$ cat protein.pdb   # PDB, C-alpha atoms
ATOM      1  CA  MET A   1      27.723  83.713   0.559
ATOM      2  CA  THR A   2      28.853  84.809   4.006
ATOM      3  CA  LEU A   3      29.162  82.377   6.902
ATOM      4  CA  GLU A   4      26.196  84.086   8.578
ATOM      5  CA  GLU A   5      24.050  83.625   5.457
ATOM      6  CA  LEU A   6      25.121  79.996   5.161
ATOM      7  CA  GLN A   7      24.248  79.369   8.805
ATOM      8  CA  ALA A   8      20.838  81.007   8.429
ATOM      9  CA  GLN A   9      19.957  78.953   5.323
ATOM     10  CA  CYS A  10      21.100  75.702   6.929
ATOM     11  CA  LEU A  11      19.126  76.380  10.108
ATOM     12  CA  GLU A  12      16.024  77.193   8.078
ATOM     13  CA  PHE A  13      16.347  73.893   6.201
ATOM     14  CA  ALA A  14      17.003  71.986   9.432
ATOM     15  CA  ALA A  15      13.976  73.520  11.138
ATOM     16  CA  LYS A  16      11.727  72.158   8.386
ATOM     17  CA  ALA A  17      13.396  68.737   8.233
ATOM     18  CA  THR A  18      14.155  67.922  11.866
ATOM     19  CA  ALA A  19      11.867  65.655  13.879
ATOM     20  CA  PRO A  20       9.446  67.179  16.410
ATOM     21  CA  ASP A  21      11.279  65.177  19.074
ATOM     22  CA  ALA A  22      12.062  67.214  22.175
ATOM     23  CA  ALA A  23      15.502  65.624  22.420
ATOM     24  CA  HIS A  24      16.393  66.054  18.723
ATOM     25  CA  ASP A  25      14.454  69.148  17.627
ATOM     26  CA  ILE A  26      15.692  72.476  16.290
ATOM     27  CA  LEU A  27      16.693  73.492  19.815
ATOM     28  CA  HIS A  28      19.071  70.519  19.857
ATOM     29  CA  ILE A  29      20.464  71.697  16.515
ATOM     30  CA  ARG A  30      21.020  75.190  17.912
ATOM     31  CA  ARG A  31      22.763  73.845  21.007
ATOM     32  CA  VAL A  32      25.054  71.674  18.886
ATOM     33  CA  LEU A  33      25.789  74.715  16.725
ATOM     34  CA  LYS A  34      26.670  76.702  19.856
ATOM     35  CA  ASN A  35      29.002  73.932  21.037
ATOM     36  CA  ASN A  36      30.465  73.737  17.549
ATOM     37  CA  LEU A  37      31.232  77.454  17.356
ATOM     38  CA  TYR A  38      32.971  77.276  20.733
ATOM     39  CA  LEU A  39      35.063  74.240  19.819
ATOM     40  CA  SER A  40      35.814  75.405  16.268
ATOM     41  CA  GLU A  41      37.310  78.630  17.600
ATOM     42  CA  ILE A  42      39.510  76.870  20.149
ATOM     43  CA  GLU A  43      40.567  74.062  17.805
ATOM     44  CA  ASN A  44      41.134  76.476  14.889
ATOM     45  CA  VAL A  45      39.228  74.494  12.274
ATOM     46  CA  ASN A  46      37.319  75.546   9.149
ATOM     47  CA  PHE A  47      33.968  77.108  10.088
ATOM     48  CA  GLN A  48      32.812  76.735   6.468
ATOM     49  CA  ILE A  49      32.767  72.977   7.105
ATOM     50  CA  THR A  50      31.767  72.733  10.752
ATOM     51  CA  VAL A  51      28.890  75.233  10.665
ATOM     52  CA  PRO A  52      26.807  73.548   7.920
ATOM     53  CA  ALA A  53      27.671  70.114   9.333
ATOM     54  CA  ALA A  54      26.484  71.100  12.814
ATOM     55  CA  CYS A  55      23.310  72.695  11.455
ATOM     56  CA  LEU A  56      22.418  69.750   9.211
ATOM     57  CA  HIS A  57      23.675  66.762  11.196
ATOM     58  CA  ASP A  58      20.156  65.594  12.128
ATOM     59  CA  CYS A  59      18.284  66.737   9.011
ATOM     60  CA  VAL A  60      16.893  63.230   8.442
ATOM     61  CA  PRO A  61      15.041  62.234  11.619
ATOM     62  CA  VAL A  62      15.450  58.630  12.769
ATOM     63  CA  ALA A  63      13.913  57.565  16.067
ATOM     64  CA  LYS A  64      16.178  56.296  18.853
ATOM     65  CA  ASP A  65      14.440  52.924  18.831
ATOM     66  CA  SER A  66      14.340  52.585  15.027
ATOM     67  CA  ALA A  67      16.082  49.701  13.260
ATOM     68  CA  LEU A  68      17.546  52.354  10.928
ATOM     69  CA  ARG A  69      19.214  54.260  13.781
ATOM     70  CA  SER A  70      22.757  53.347  12.738
ATOM     71  CA  GLN A  71      22.056  54.637   9.213
ATOM     72  CA  GLY A  72      20.660  57.997  10.312
ATOM     73  CA  SER A  73      23.876  59.979   9.938
ATOM     74  CA  ARG A  74      24.516  58.554   6.459
ATOM     75  CA  LEU A  75      21.012  59.519   5.347
ATOM     76  CA  ALA A  76      21.449  62.992   6.850
ATOM     77  CA  ALA A  77      24.800  63.408   5.088
ATOM     78  CA  ILE A  78      23.206  62.600   1.733
ATOM     79  CA  ALA A  79      20.280  64.987   2.297
ATOM     80  CA  ALA A  80      22.604  67.734   3.530
ATOM     81  CA  THR A  81      24.863  67.391   0.490
ATOM     82  CA  GLU A  82      21.872  67.664  -1.831
ATOM     83  CA  PHE A  83      20.681  70.775  -0.012
ATOM     84  CA  LEU A  84      24.118  72.409  -0.029
ATOM     85  CA  THR A  85      24.434  71.710  -3.745
ATOM     86  CA  SER A  86      21.087  73.408  -4.329
ATOM     87  CA  ILE A  87      22.252  76.636  -2.639
ATOM     88  CA  GLY A  88      25.592  76.779  -4.437
ATOM     89  CA  PHE A  89      27.823  75.674  -1.568
ATOM     90  CA  PRO A  90      31.424  75.153  -2.812
ATOM     91  CA  GLU A  91      31.857  71.702  -4.326
ATOM     92  CA  GLU A  92      35.346  71.303  -2.885
ATOM     93  CA  LEU A  93      33.943  71.489   0.677
ATOM     94  CA  ARG A  94      30.904  69.253   0.256
ATOM     95  CA  GLY A  95      32.809  66.025   0.811
ATOM     96  CA  ASP A  96      34.206  67.252   4.125
ATOM     97  CA  VAL A  97      30.752  68.337   5.310
ATOM     98  CA  HIS A  98      29.326  64.980   4.220
ATOM     99  CA  HIS A  99      31.988  63.129   6.205
ATOM    100  CA  ALA A 100      31.563  65.315   9.300
ATOM    101  CA  ILE A 101      27.824  64.609   9.356
ATOM    102  CA  GLU A 102      28.220  60.895   8.667
ATOM    103  CA  ALA A 103      30.880  60.501  11.377
ATOM    104  CA  HIS A 104      29.086  62.446  14.116
ATOM    105  CA  SER A 105      26.818  59.569  15.151
ATOM    106  CA  TYR A 106      27.622  57.361  18.137
ATOM    107  CA  SER A 107      25.637  54.438  16.736
ATOM    108  CA  ALA A 108      27.201  54.654  13.255
ATOM    109  CA  GLY A 109      30.664  53.953  14.661
ATOM    110  CA  ILE A 110      32.499  55.900  11.923
ATOM    111  CA  GLU A 111      35.925  57.234  12.897
ATOM    112  CA  PRO A 112      36.225  60.975  12.086
ATOM    113  CA  ARG A 113      39.247  61.529   9.861
ATOM    114  CA  THR A 114      39.394  65.346   9.723
ATOM    115  CA  PRO A 115      39.736  68.001  12.456
ATOM    116  CA  GLU A 116      36.345  69.395  11.434
ATOM    117  CA  ALA A 117      34.628  66.008  11.759
ATOM    118  CA  ARG A 118      36.165  65.560  15.192
ATOM    119  CA  VAL A 119      34.836  68.935  16.331
ATOM    120  CA  VAL A 120      31.317  68.247  15.012
ATOM    121  CA  GLN A 121      31.241  64.838  16.694
ATOM    122  CA  ASP A 122      32.332  66.416  19.992
ATOM    123  CA  ALA A 123      29.790  69.235  19.665
ATOM    124  CA  ASP A 124      26.944  66.744  19.255
ATOM    125  CA  ARG A 125      28.094  64.527  22.128
ATOM    126  CA  LEU A 126      28.361  67.476  24.486
ATOM    127  CA  ASP A 127      24.602  67.923  24.152
ATOM    128  CA  SER A 128      24.176  64.499  25.765
ATOM    129  CA  LEU A 129      26.083  65.623  28.856
ATOM    130  CA  GLY A 130      25.576  68.078  31.699
ATOM    131  CA  ALA A 131      22.273  69.620  32.716
ATOM    132  CA  ILE A 132      20.832  69.378  29.212
ATOM    133  CA  GLY A 133      22.018  65.770  28.956
ATOM    134  CA  ILE A 134      20.035  64.874  32.075
ATOM    135  CA  ALA A 135      16.940  66.587  30.679
ATOM    136  CA  ARG A 136      17.248  64.867  27.306
ATOM    137  CA  CYS A 137      17.792  61.442  28.855
ATOM    138  CA  LEU A 138      14.647  61.756  30.944
ATOM    139  CA  LEU A 139      12.645  63.091  28.000
ATOM    140  CA  VAL A 140      13.622  60.186  25.766
ATOM    141  CA  GLY A 141      13.006  57.637  28.507
ATOM    142  CA  GLY A 142       9.528  59.050  29.070
ATOM    143  CA  ARG A 143       8.716  59.099  25.370
ATOM    144  CA  LEU A 144       9.721  55.442  25.102
ATOM    145  CA  ASP A 145       7.657  54.555  28.197
ATOM    146  CA  ARG A 146      10.681  53.166  30.012
ATOM    147  CA  PRO A 147      10.609  53.004  33.812
ATOM    148  CA  LEU A 148      12.950  55.409  35.525
ATOM    149  CA  CYS A 149      14.973  52.659  37.193
ATOM    150  CA  ASP A 150      15.182  49.114  38.476
ATOM    151  CA  ALA A 151      13.436  49.113  41.855
ATOM    152  CA  ASP A 152      16.010  46.771  43.424
ATOM    153  CA  ASP A 153      19.156  48.283  41.896
ATOM    154  CA  PRO A 154      18.483  51.804  40.528
ATOM    155  CA  PHE A 155      22.150  52.688  39.980
ATOM    156  CA  CYS A 156      23.518  49.494  38.416
ATOM    157  CA  ASP A 157      25.627  48.560  41.413
ATOM    158  CA  PRO A 158      25.848  44.744  41.123
ATOM    159  CA  ARG A 159      24.235  44.388  37.687
ATOM    160  CA  MET A 160      25.153  45.452  34.161
ATOM    161  CA  PRO A 161      23.183  48.455  32.839
ATOM    162  CA  ASP A 162      20.452  47.825  30.284
ATOM    163  CA  ASP A 163      19.142  51.092  28.863
ATOM    164  CA  ALA A 164      16.575  49.251  26.763
ATOM    165  CA  LEU A 165      14.805  48.548  30.064
ATOM    166  CA  TYR A 166      15.480  51.506  32.381
ATOM    167  CA  THR A 167      16.097  55.212  31.813
ATOM    168  CA  LEU A 168      18.748  55.694  34.508
ATOM    169  CA  ASP A 169      20.722  52.809  33.044
ATOM    170  CA  HIS A 170      21.488  55.030  30.031
ATOM    171  CA  PHE A 171      23.796  57.126  32.207
ATOM    172  CA  TYR A 172      25.915  54.051  32.866
ATOM    173  CA  ALA A 173      25.532  52.323  29.500
ATOM    174  CA  LYS A 174      26.535  55.369  27.441
ATOM    175  CA  LEU A 175      26.438  58.914  28.786
ATOM    176  CA  LEU A 176      29.157  58.741  31.437
ATOM    177  CA  LYS A 177      31.425  56.992  28.927
ATOM    178  CA  LEU A 178      31.241  59.853  26.420
ATOM    179  CA  PRO A 179      34.110  61.978  27.819
ATOM    180  CA  ALA A 180      36.544  59.179  26.953
ATOM    181  CA  THR A 181      35.356  59.278  23.324
ATOM    182  CA  MET A 182      35.895  63.000  22.787
ATOM    183  CA  GLN A 183      38.197  63.813  19.892
ATOM    184  CA  SER A 184      39.428  67.309  20.759
ATOM    185  CA  ALA A 185      41.179  68.651  23.847
ATOM    186  CA  ALA A 186      38.568  71.383  24.287
ATOM    187  CA  GLY A 187      35.738  68.919  23.832
ATOM    188  CA  ARG A 188      37.226  66.516  26.356
ATOM    189  CA  ALA A 189      37.622  69.224  28.992
ATOM    190  CA  GLU A 190      34.030  70.404  28.610
ATOM    191  CA  ALA A 191      32.749  66.824  28.543
ATOM    192  CA  GLU A 192      34.477  66.048  31.843
ATOM    193  CA  ARG A 193      32.968  69.153  33.439
ATOM    194  CA  ARG A 194      29.483  68.168  32.291
ATOM    195  CA  ALA A 195      29.926  64.527  33.299
ATOM    196  CA  ASP A 196      30.880  65.646  36.814
ATOM    197  CA  LEU A 197      27.578  67.526  37.012
ATOM    198  CA  MET A 198      25.740  64.341  36.008
ATOM    199  CA  ARG A 199      27.556  62.312  38.657
ATOM    200  CA  ARG A 200      26.546  64.852  41.296
ATOM    201  CA  TYR A 201      22.948  64.577  40.111
ATOM    202  CA  LEU A 202      23.051  60.803  40.397
ATOM    203  CA  ASP A 203      24.578  61.070  43.876
ATOM    204  CA  ASP A 204      21.782  63.437  44.953
ATOM    205  CA  LEU A 205      19.175  61.172  43.404
ATOM    206  CA  ARG A 206      20.615  58.173  45.212
ATOM    207  CA  ALA A 207      20.349  60.025  48.514
ATOM    208  CA  GLU A 208      16.703  60.857  47.806
ATOM    209  CA  ILE A 209      15.390  57.487  46.613
ATOM    210  CA  VAL A 210      17.473  54.696  48.203
ATOM    211  CA  LEU A 211      16.241  53.413  51.586
TER     212      LEU A 211
END
$ encode --input "protein.pdb" --output "structure tokens"
Amino acid sequence: MTLEELQAQCLEFAAKATAPDAAHDILHIRRVLKNNLYLSEIENVNFQITVPAACLHDCVPVAKDSALRSQGSRLAAIAATEFLTSIGFPEELRGDVHHAIEAHSYSAGIEPRTPEARVVQDADRLDSLGAIGIARCLLVGGRLDRPLCDADDPFCDPRMPDDALYTLDHFYAKLLKLPATMQSAAGRAEAERRADLMRRYLDDLRAEIVL
């Protein structure tokens, strides 16, 4: 099986399994795959591991506000391994794909132990940053019926952010911290570029809404 055939089969499976959530749908999978291909080339890792892991990393949908959120990547890793076994994917690579999927999740808190797992984790986190990161944050906040911001302190100046209450707080509680968590040099550089875009957005928003 060629890498292109493997990618096509994994994307087809992901499209059927992924949640119809605008922030975690098949378009998210394709963006993570794009990030993964870019980082895999620069970091010189095994595409046979990173491509299926990127395609299948969210193949078991778990809502952001679900009590099972921290288990989502483990469930996806199990489902992905079963699927890869069914299409004859090499047994000696399945464990590395399983680990890369399990370790990609922010909420799972699993340290990636291979170069491929580090690339996949970075590729997924990049989709939470930059222009698409802003769009996804606002989409999720709207879906969860969270107010955009605290009326008295929209940008968490004197108070600690609480993204369970306000959408903008998620920038400060998590998103702007992601560059420091990136595992690869290429991922870190791209994350910093995207985070700068988000900071400029927040600066512009502050100028528009603060009296």
$ resolve_selection --input "protein.pdb" --expression "the PyMOL selection byres ((chain A and resi 124) around 10)" --output "ChimeraX atom specification"
/A:28-29,31-36,54,57-58,104-106,119-123,125-129
$ resolve_selection --input "protein.pdb" --expression "the PyMOL selection byres ((chain A and resi 202) around 12)" --output "list in words"
Gly130, Ala131, Ile134, Cys149, Pro154, Phe155, Cys156, Leu168, Asp169, His170, Phe171, Tyr172, Leu176, Ala195, Asp196, Leu197, Met198, Arg199, Arg200, Tyr201, Asp203, Asp204, Leu205, Arg206, Ala207, Glu208, Ile209 and Val210 of chain A
$ residues_around --input "protein.pdb" --residues "A:Leu27" --least-positions-apart "3" --cutoff "12 Å" --atoms "all atoms listed in the file" --output "number ranges by chain"
A: 11, 14-15, 18-24, 30-34, 55, 58, 127, 132, 136
$ write_last_selection --input "protein.pdb" --atoms "C-alpha atoms" --output "compact mmCIF listing (two decimals), keeping the file's coordinate frame"
# COMPACT_ATOMS: atom_id res chain seq x y z
CA LEU A 11 19.13 76.38 10.11
CA ALA A 14 17.00 71.99 9.43
CA ALA A 15 13.98 73.52 11.14
CA THR A 18 14.16 67.92 11.87
CA ALA A 19 11.87 65.66 13.88
CA PRO A 20 9.45 67.18 16.41
CA ASP A 21 11.28 65.18 19.07
CA ALA A 22 12.06 67.21 22.18
CA ALA A 23 15.50 65.62 22.42
CA HIS A 24 16.39 66.05 18.72
CA ARG A 30 21.02 75.19 17.91
CA ARG A 31 22.76 73.84 21.01
CA VAL A 32 25.05 71.67 18.89
CA LEU A 33 25.79 74.72 16.73
CA LYS A 34 26.67 76.70 19.86
CA CYS A 55 23.31 72.69 11.46
CA ASP A 58 20.16 65.59 12.13
CA ASP A 127 24.60 67.92 24.15
CA ILE A 132 20.83 69.38 29.21
CA ARG A 136 17.25 64.87 27.31
$ resolve_selection --input "protein.pdb" --expression "the PyMOL selection byres ((chain A and resi 82) around 12)" --output "JSON, numbers by chain"
{"A": [10, 13, 56, 59, 75, 76, 77, 78, 79, 80, 81, 83, 84, 85, 86, 87, 88, 89, 91, 94, 95, 97, 98]}
$ residues_near_point --input "protein.pdb" --point "(36.1, 74.1, 11.1)" --cutoff "10 Å" --atoms "all atoms listed in the file" --output "list of chain:residue names"
A:Asn36, A:Leu37, A:Leu39, A:Ser40, A:Glu41, A:Glu43, A:Asn44, A:Val45, A:Asn46, A:Phe47, A:Gln48, A:Ile49, A:Thr50, A:Val51, A:Pro52, A:Ala53, A:Asp96, A:Val97, A:Thr114, A:Pro115, A:Glu116, A:Ala117, A:Arg118, A:Val119, A:Val120
$ residues_near_point --input "protein.pdb" --point "(16.6, 53.0, 28.6)" --cutoff "12 Å" --atoms "all atoms listed in the file" --output "MDAnalysis selection string"
chainID A and resid 64:65 136:150 161:175
$ write_last_selection --input "protein.pdb" --atoms "C-alpha atoms" --output "mmCIF file, in the coordinates of the input"
data_model
loop_
_atom_site.group_PDB
_atom_site.id
_atom_site.type_symbol
_atom_site.label_atom_id
_atom_site.label_comp_id
_atom_site.auth_asym_id
_atom_site.auth_seq_id
_atom_site.Cartn_x
_atom_site.Cartn_y
_atom_site.Cartn_z
ATOM 1 C CA LYS A 64 16.178 56.296 18.853
ATOM 2 C CA ASP A 65 14.440 52.924 18.831
ATOM 3 C CA ARG A 136 17.248 64.867 27.306
ATOM 4 C CA CYS A 137 17.792 61.442 28.855
ATOM 5 C CA LEU A 138 14.647 61.756 30.944
ATOM 6 C CA LEU A 139 12.645 63.091 28.000
ATOM 7 C CA VAL A 140 13.622 60.186 25.766
ATOM 8 C CA GLY A 141 13.006 57.637 28.507
ATOM 9 C CA GLY A 142 9.528 59.050 29.070
ATOM 10 C CA ARG A 143 8.716 59.099 25.370
ATOM 11 C CA LEU A 144 9.721 55.442 25.102
ATOM 12 C CA ASP A 145 7.657 54.555 28.197
ATOM 13 C CA ARG A 146 10.681 53.166 30.012
ATOM 14 C CA PRO A 147 10.609 53.004 33.812
ATOM 15 C CA LEU A 148 12.950 55.409 35.525
ATOM 16 C CA CYS A 149 14.973 52.659 37.193
ATOM 17 C CA ASP A 150 15.182 49.114 38.476
ATOM 18 C CA PRO A 161 23.183 48.455 32.839
ATOM 19 C CA ASP A 162 20.452 47.825 30.284
ATOM 20 C CA ASP A 163 19.142 51.092 28.863
ATOM 21 C CA ALA A 164 16.575 49.251 26.763
ATOM 22 C CA LEU A 165 14.805 48.548 30.064
ATOM 23 C CA TYR A 166 15.480 51.506 32.381
ATOM 24 C CA THR A 167 16.097 55.212 31.813
ATOM 25 C CA LEU A 168 18.748 55.694 34.508
ATOM 26 C CA ASP A 169 20.722 52.809 33.044
ATOM 27 C CA HIS A 170 21.488 55.030 30.031
ATOM 28 C CA PHE A 171 23.796 57.126 32.207
ATOM 29 C CA TYR A 172 25.915 54.051 32.866
ATOM 30 C CA ALA A 173 25.532 52.323 29.500
ATOM 31 C CA LYS A 174 26.535 55.369 27.441
ATOM 32 C CA LEU A 175 26.438 58.914 28.786
#
$ atom_distance --input "protein.pdb" --atom1 "atom CA of A:Glu4" --atom2 "atom CA of A:Ile42"
19.1 Å
$ residues_around --input "protein.pdb" --residues "A:Ala186" --least-positions-apart "2" --cutoff "9 Å" --atoms "all atoms listed in the file" --output "list of chain:residue names"
A:Tyr38, A:Leu39, A:Ile42, A:Glu43, A:Met182, A:Gln183, A:Ser184, A:Arg188, A:Ala189, A:Glu190, A:Ala191
$ atom_distance --input "protein.pdb" --atom1 "atom CA of A:Met1" --atom2 "atom CA of A:Glu102"
24.2 Å
$ atom_distance --input "protein.pdb" --atom1 "atom CA of A:Gln71" --atom2 "atom CA of A:Glu12"
23.4 Å
$ closest_residue --input "protein.pdb" --among "A:Gly72, A:Gly133, A:Pro61, A:Gly187" --to "A:Ser107" --atoms "all atoms listed in the file"
A:Gly72
$ decode --input "protein.pdb" --residues "stretch 171-186 of chain A" --atoms "N, CA, C and O atoms" --output "PDB file, in the first residue's frame"
ATOM      1  N   PHE A 171      -8.447  32.135  25.250  1.00  0.00           N
ATOM      2  CA  PHE A 171      -7.168  32.593  24.703  1.00  0.00           C
ATOM      3  C   PHE A 171      -6.110  32.623  25.801  1.00  0.00           C
ATOM      4  O   PHE A 171      -4.951  32.240  25.580  1.00  0.00           O
ATOM      5  N   TYR A 172      -6.507  33.109  26.974  1.00  0.00           N
ATOM      6  CA  TYR A 172      -5.555  33.295  28.062  1.00  0.00           C
ATOM      7  C   TYR A 172      -5.365  32.031  28.898  1.00  0.00           C
ATOM      8  O   TYR A 172      -4.271  31.791  29.427  1.00  0.00           O
ATOM      9  N   ALA A 173      -6.406  31.230  29.010  1.00  0.00           N
ATOM     10  CA  ALA A 173      -6.322  29.998  29.798  1.00  0.00           C
ATOM     11  C   ALA A 173      -5.505  28.927  29.077  1.00  0.00           C
ATOM     12  O   ALA A 173      -4.811  28.127  29.722  1.00  0.00           O
ATOM     13  N   LYS A 174      -5.561  28.902  27.736  1.00  0.00           N
ATOM     14  CA  LYS A 174      -4.905  27.815  27.014  1.00  0.00           C
ATOM     15  C   LYS A 174      -4.184  28.247  25.733  1.00  0.00           C
ATOM     16  O   LYS A 174      -2.987  28.002  25.589  1.00  0.00           O
ATOM     17  N   LEU A 175      -4.892  28.906  24.826  1.00  0.00           N
ATOM     18  CA  LEU A 175      -4.383  29.045  23.465  1.00  0.00           C
ATOM     19  C   LEU A 175      -3.039  29.756  23.388  1.00  0.00           C
ATOM     20  O   LEU A 175      -2.118  29.294  22.688  1.00  0.00           O
ATOM     21  N   LEU A 176      -2.894  30.870  24.082  1.00  0.00           N
ATOM     22  CA  LEU A 176      -1.643  31.625  24.005  1.00  0.00           C
ATOM     23  C   LEU A 176      -0.499  30.949  24.759  1.00  0.00           C
ATOM     24  O   LEU A 176       0.659  31.361  24.632  1.00  0.00           O
ATOM     25  N   LYS A 177      -0.807  29.896  25.494  1.00  0.00           N
ATOM     26  CA  LYS A 177       0.228  29.113  26.170  1.00  0.00           C
ATOM     27  C   LYS A 177       0.756  27.979  25.303  1.00  0.00           C
ATOM     28  O   LYS A 177       1.774  27.354  25.630  1.00  0.00           O
ATOM     29  N   LEU A 178       0.063  27.678  24.203  1.00  0.00           N
ATOM     30  CA  LEU A 178       0.431  26.520  23.388  1.00  0.00           C
ATOM     31  C   LEU A 178       1.825  26.594  22.772  1.00  0.00           C
ATOM     32  O   LEU A 178       2.506  25.563  22.695  1.00  0.00           O
ATOM     33  N   PRO A 179       2.296  27.765  22.302  1.00  0.00           N
ATOM     34  CA  PRO A 179       3.650  27.771  21.721  1.00  0.00           C
ATOM     35  C   PRO A 179       4.713  27.205  22.655  1.00  0.00           C
ATOM     36  O   PRO A 179       5.652  26.536  22.202  1.00  0.00           O
ATOM     37  N   ALA A 180       4.585  27.438  23.943  1.00  0.00           N
ATOM     38  CA  ALA A 180       5.569  26.930  24.902  1.00  0.00           C
ATOM     39  C   ALA A 180       5.522  25.415  25.045  1.00  0.00           C
ATOM     40  O   ALA A 180       6.463  24.813  25.575  1.00  0.00           O
ATOM     41  N   THR A 181       4.436  24.787  24.585  1.00  0.00           N
ATOM     42  CA  THR A 181       4.296  23.334  24.712  1.00  0.00           C
ATOM     43  C   THR A 181       4.733  22.597  23.449  1.00  0.00           C
ATOM     44  O   THR A 181       4.734  21.361  23.456  1.00  0.00           O
ATOM     45  N   MET A 182       5.093  23.325  22.407  1.00  0.00           N
ATOM     46  CA  MET A 182       5.414  22.661  21.143  1.00  0.00           C
ATOM     47  C   MET A 182       6.682  21.824  21.274  1.00  0.00           C
ATOM     48  O   MET A 182       7.648  22.218  21.933  1.00  0.00           O
ATOM     49  N   GLN A 183       6.674  20.676  20.619  1.00  0.00           N
ATOM     50  CA  GLN A 183       7.723  19.680  20.798  1.00  0.00           C
ATOM     51  C   GLN A 183       8.828  19.750  19.752  1.00  0.00           C
ATOM     52  O   GLN A 183       9.921  19.249  19.976  1.00  0.00           O
ATOM     53  N   SER A 184       8.550  20.338  18.601  1.00  0.00           N
ATOM     54  CA  SER A 184       9.533  20.399  17.526  1.00  0.00           C
ATOM     55  C   SER A 184       9.917  21.848  17.250  1.00  0.00           C
ATOM     56  O   SER A 184       9.141  22.774  17.505  1.00  0.00           O
ATOM     57  N   ALA A 185      11.119  22.038  16.719  1.00  0.00           N
ATOM     58  CA  ALA A 185      11.576  23.392  16.403  1.00  0.00           C
ATOM     59  C   ALA A 185      10.681  24.038  15.355  1.00  0.00           C
ATOM     60  O   ALA A 185      10.310  25.215  15.467  1.00  0.00           O
ATOM     61  N   ALA A 186      10.319  23.279  14.330  1.00  0.00           N
ATOM     62  CA  ALA A 186       9.458  23.814  13.270  1.00  0.00           C
ATOM     63  C   ALA A 186       8.075  24.136  13.806  1.00  0.00           C
ATOM     64  O   ALA A 186       7.478  25.161  13.454  1.00  0.00           O
TER      65      ALA A 186
END
